[in-house]
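Step one of this worksheet: look at the structure below.
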Amino acid sequence: MTGPDARPDAPGRATLDKATDENFPVAPFFLPRAWRDDLMAVYGFSRLVDDIGDGDLAPGGADARHLGVDPALADDRGVMLDAFEADLERVFEAAGPAPGHPLLRALVPTVRRCSLPPEPFLGLVGANRQDQLVRRYETYDDLLAYCELSANPVGRLVLGITGTATPERVRLSDAVCTALQIVEHLQDVAEDLGQDRIYLPAEDMKRFRVGEADLAAATANASVRTLIAFEAQRARDLLDEGTALVGSVHGRLRLLLAGFVAGGRAALASIAAAGHDVLPGPPKPTKPRLLREVGAVLRSAHREG
């Protein structure tokens, strides 16, 4: 499926273009072309399912039509996720019809070439289903279980694409991916609250005397800042735990994984630089800070490798 029909159309291209807004490089230029193509195919899938779950699809109903859904129902997230999962099944059915959505058609050669299993993809769909039902998390363990669906599959797919998966690398990758998900939640507290979602554990909010009204303020009070700092440290600890993943691989893959870890560290630095006040908008890392963090991660990997 490498002909013109596999290329994303305009809505699909708009989805892929969101890669430039991520905290980490999705498919940087220094990787082999085959890896870049496969990583972008997986990114297109994961970004699209997130956009469906967040109600953030391109206007016009093209995504719905590709999935066989009446465009009038494009805002029905449950209907769209059902149709998306049905189209995903076609990716893994070699003898059946091709997927209807161009981003899923583009995923077919990646799945075939890398022998990727359906479970990580289904996990990401499951995370977005959970988002429609669960809008608060009582404990940190509850949040970690959500990250097992929403974040960890991405790292496992990267290891699958690069042919480097081992049980230990998967464990380390899970730590990094969970950390990156927590960092994103911290950056997006105000945006998530606007969608009636809170990813800060309720038990932690109680501990630091933070109410939902505090999260709706224009700027963070001292209690909110202390809570954000506490959760940021948890993410930092997970990144530190997972950093050994970088030193376990070599060559250009080491640089890619260093970019993931460095993206998380740079984002945490931007949160700290904002005094842990994430309510006015998501603190974003500067490019110089990101490059410094990449260098630090690579030096650490060289010493440990």
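Each chain in the structure tokens gets a letter, A, B, ..., in the order shown, and its residues are numbered from 1; ligands are numbered from 1 in order too.
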
Using only C-alpha atoms, determine which residues lie at most 9 Å from Arg156 of chain A, disregarding the query and same-chain residues fewer than 2 positions distant; provide the list as a ChimeraX atom specification. /A:120,152-154,158-161,165,169-170,173-174

Give the alpha helix (DSSP H) residues of segment 66-283 of chain A, as assigned by DSSP on the backbone, as a ChimeraX atom specification. /A:66,77-91,102-105,108-114,119-133,140-150,152-162,167-187,189-194,202-207,212-215,222-242,244-247,251-273

Which residue, A:Val246, A:Leu298, A:Ala269, A:Leu227, has the smallest gap to Ala202 of chain A when you use only C-alpha atoms?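 Nearest to Ala202 of chain A: A:Leu227.
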
Skip Asp38 of chain A itself and residues of its chain fewer than 2 positions away, then list as a ChimeraX atom specification all residues within 9 Å of it, counting only C-alpha atoms. /A:27,33-36,40-43,106-107,109-111,114,158,161

Residues from the last selection, N, CA and C atoms, saved as a compact mmCIF listing (two decimals), in the first residue's frame:
```txt
# COMPACT_ATOMS: atom_id res chain seq x y z
N ALA A 27 9.77 12.40 14.17
CA ALA A 27 10.52 11.65 13.15
C ALA A 27 11.60 12.56 12.57
N ARG A 33 15.19 6.82 6.29
CA ARG A 33 13.91 7.19 5.69
C ARG A 33 12.81 6.21 6.09
N ALA A 34 13.11 4.92 6.09
CA ALA A 34 12.09 3.92 6.42
C ALA A 34 11.57 4.13 7.84
N TRP A 35 12.48 4.41 8.79
CA TRP A 35 12.05 4.69 10.16
C TRP A 35 11.19 5.93 10.23
N ARG A 36 11.60 6.99 9.50
CA ARG A 36 10.82 8.23 9.53
C ARG A 36 9.40 7.98 9.01
N MET A 40 6.09 8.36 11.37
CA MET A 40 5.03 9.30 11.02
C MET A 40 3.70 8.57 10.81
N ALA A 41 3.75 7.35 10.31
CA ALA A 41 2.51 6.57 10.16
C ALA A 41 1.89 6.29 11.52
N VAL A 42 2.72 5.91 12.49
CA VAL A 42 2.22 5.66 13.84
C VAL A 42 1.77 6.96 14.49
N TYR A 43 2.51 8.04 14.25
CA TYR A 43 2.09 9.33 14.80
C TYR A 43 0.74 9.74 14.23
N ALA A 106 -2.15 4.41 5.35
CA ALA A 106 -0.71 4.67 5.42
C ALA A 106 -0.02 3.83 6.49
N LEU A 107 -0.80 3.35 7.47
CA LEU A 107 -0.25 2.54 8.54
C LEU A 107 0.00 1.10 8.12
N PRO A 109 1.57 -0.54 5.53
CA PRO A 109 2.92 -1.05 5.26
C PRO A 109 3.81 -1.08 6.50
N THR A 110 3.60 -0.15 7.41
CA THR A 110 4.39 -0.15 8.65
C THR A 110 4.08 -1.38 9.49
N VAL A 111 2.81 -1.68 9.65
CA VAL A 111 2.41 -2.85 10.44
C VAL A 111 2.96 -4.12 9.80
N CYS A 114 7.04 -4.20 10.00
CA CYS A 114 7.60 -4.31 11.35
C CYS A 114 6.92 -5.38 12.20
N VAL A 158 7.60 2.39 19.00
CA VAL A 158 8.90 2.87 18.54
C VAL A 158 9.93 1.74 18.62
N ILE A 161 9.19 -0.69 15.78
CA ILE A 161 9.59 -0.18 14.47
C ILE A 161 11.10 -0.31 14.27
```

Out of A:Leu103, A:Ala235, A:Glu119, A:Pro201, which residue has the shortest atom-to-atom distance to Tyr146 of chain A when counting only C-alpha atoms? A:Pro201

Figure out the distance between atom CA of Pro285 of chain A and atom CA of Arg234 of chain A, please, to one decimal in Å.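 Taking atom CA of Arg234 of chain A and atom CA of Pro285 of chain A, their separation equals 18.7 Å.
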
Suppose you want the space between atom CA of Glu293 of chain A and atom CA of Ala262 of chain A; what is it in Å? 4.9 Å

Check the smallest atom-to-atom distance from each of A:Arg197, A:Arg207, A:Arg65, A:Arg265 to Arg135 of chain A using only C-alpha atoms, then report the winner.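 Comparing A:Arg197, A:Arg207, A:Arg65, A:Arg265 against Arg135 of chain A, the winner is A:Arg197.
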
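Considering the residues A:Gln195, A:Thr162, A:Ser115, A:Asn128 and counting only C-alpha atoms, Asp50 of chain A has its shortest atom-to-atom contact with A:Asn128.
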
Would you compute the distance between atom CA of Arg236 of chain A and atom CA of Gln132 of chain A? Give it in Å to one decimal.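 These atoms are spaced 28.3 Å apart.
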
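The shortest atom-to-atom distance to Asp56 of chain A, with only C-alpha atoms taken into account, belongs to A:Ala74 out of A:Leu291, A:Ala74, A:Leu257, A:Leu104.
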
Arg254 of chain A surroundings by only C-alpha atoms, 10 Å radius, close-in-sequence under 3 positions cut, as a short mmCIF file (atom, residue, chain, number, x, y, z; two decimals) with C-alpha atoms, in the first residue's frame:
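Writing done, so here's around.cif:
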```
data_model
loop_
_atom_site.label_atom_id
_atom_site.label_comp_id
_atom_site.auth_asym_id
_atom_site.auth_seq_id
_atom_site.Cartn_x
_atom_site.Cartn_y
_atom_site.Cartn_z
CA LEU A 245 16.97 3.26 27.80
CA VAL A 246 19.03 5.79 25.82
CA GLY A 247 22.31 4.15 26.76
CA SER A 248 21.00 0.69 25.89
CA VAL A 249 20.85 1.47 22.15
CA HIS A 250 23.32 2.92 19.67
CA GLY A 251 23.63 5.19 16.67
CA LEU A 257 15.44 8.43 22.32
CA ALA A 258 17.61 11.16 23.82
CA GLY A 259 15.28 13.62 22.11
CA VAL A 297 21.20 13.04 28.08
CA LEU A 298 23.69 11.89 25.44
CA ALA A 301 24.27 7.72 28.07
CA HIS A 302 27.88 7.72 26.85
#
```

Do you know which residues are at most 10 Å from Pro71 of chain A counting only C-alpha atoms, after dropping those on the same chain fewer than 4 positions away, and could you put them as an NGL selection string? :A and (59-67 or 75-76)

Spatial neighbours of segment 29-31 of chain A, max dist 9 Å, only C-alpha atoms, sep filter under 6 positions, as a PyMOL selection string: chain A and resi 252-253+255-256
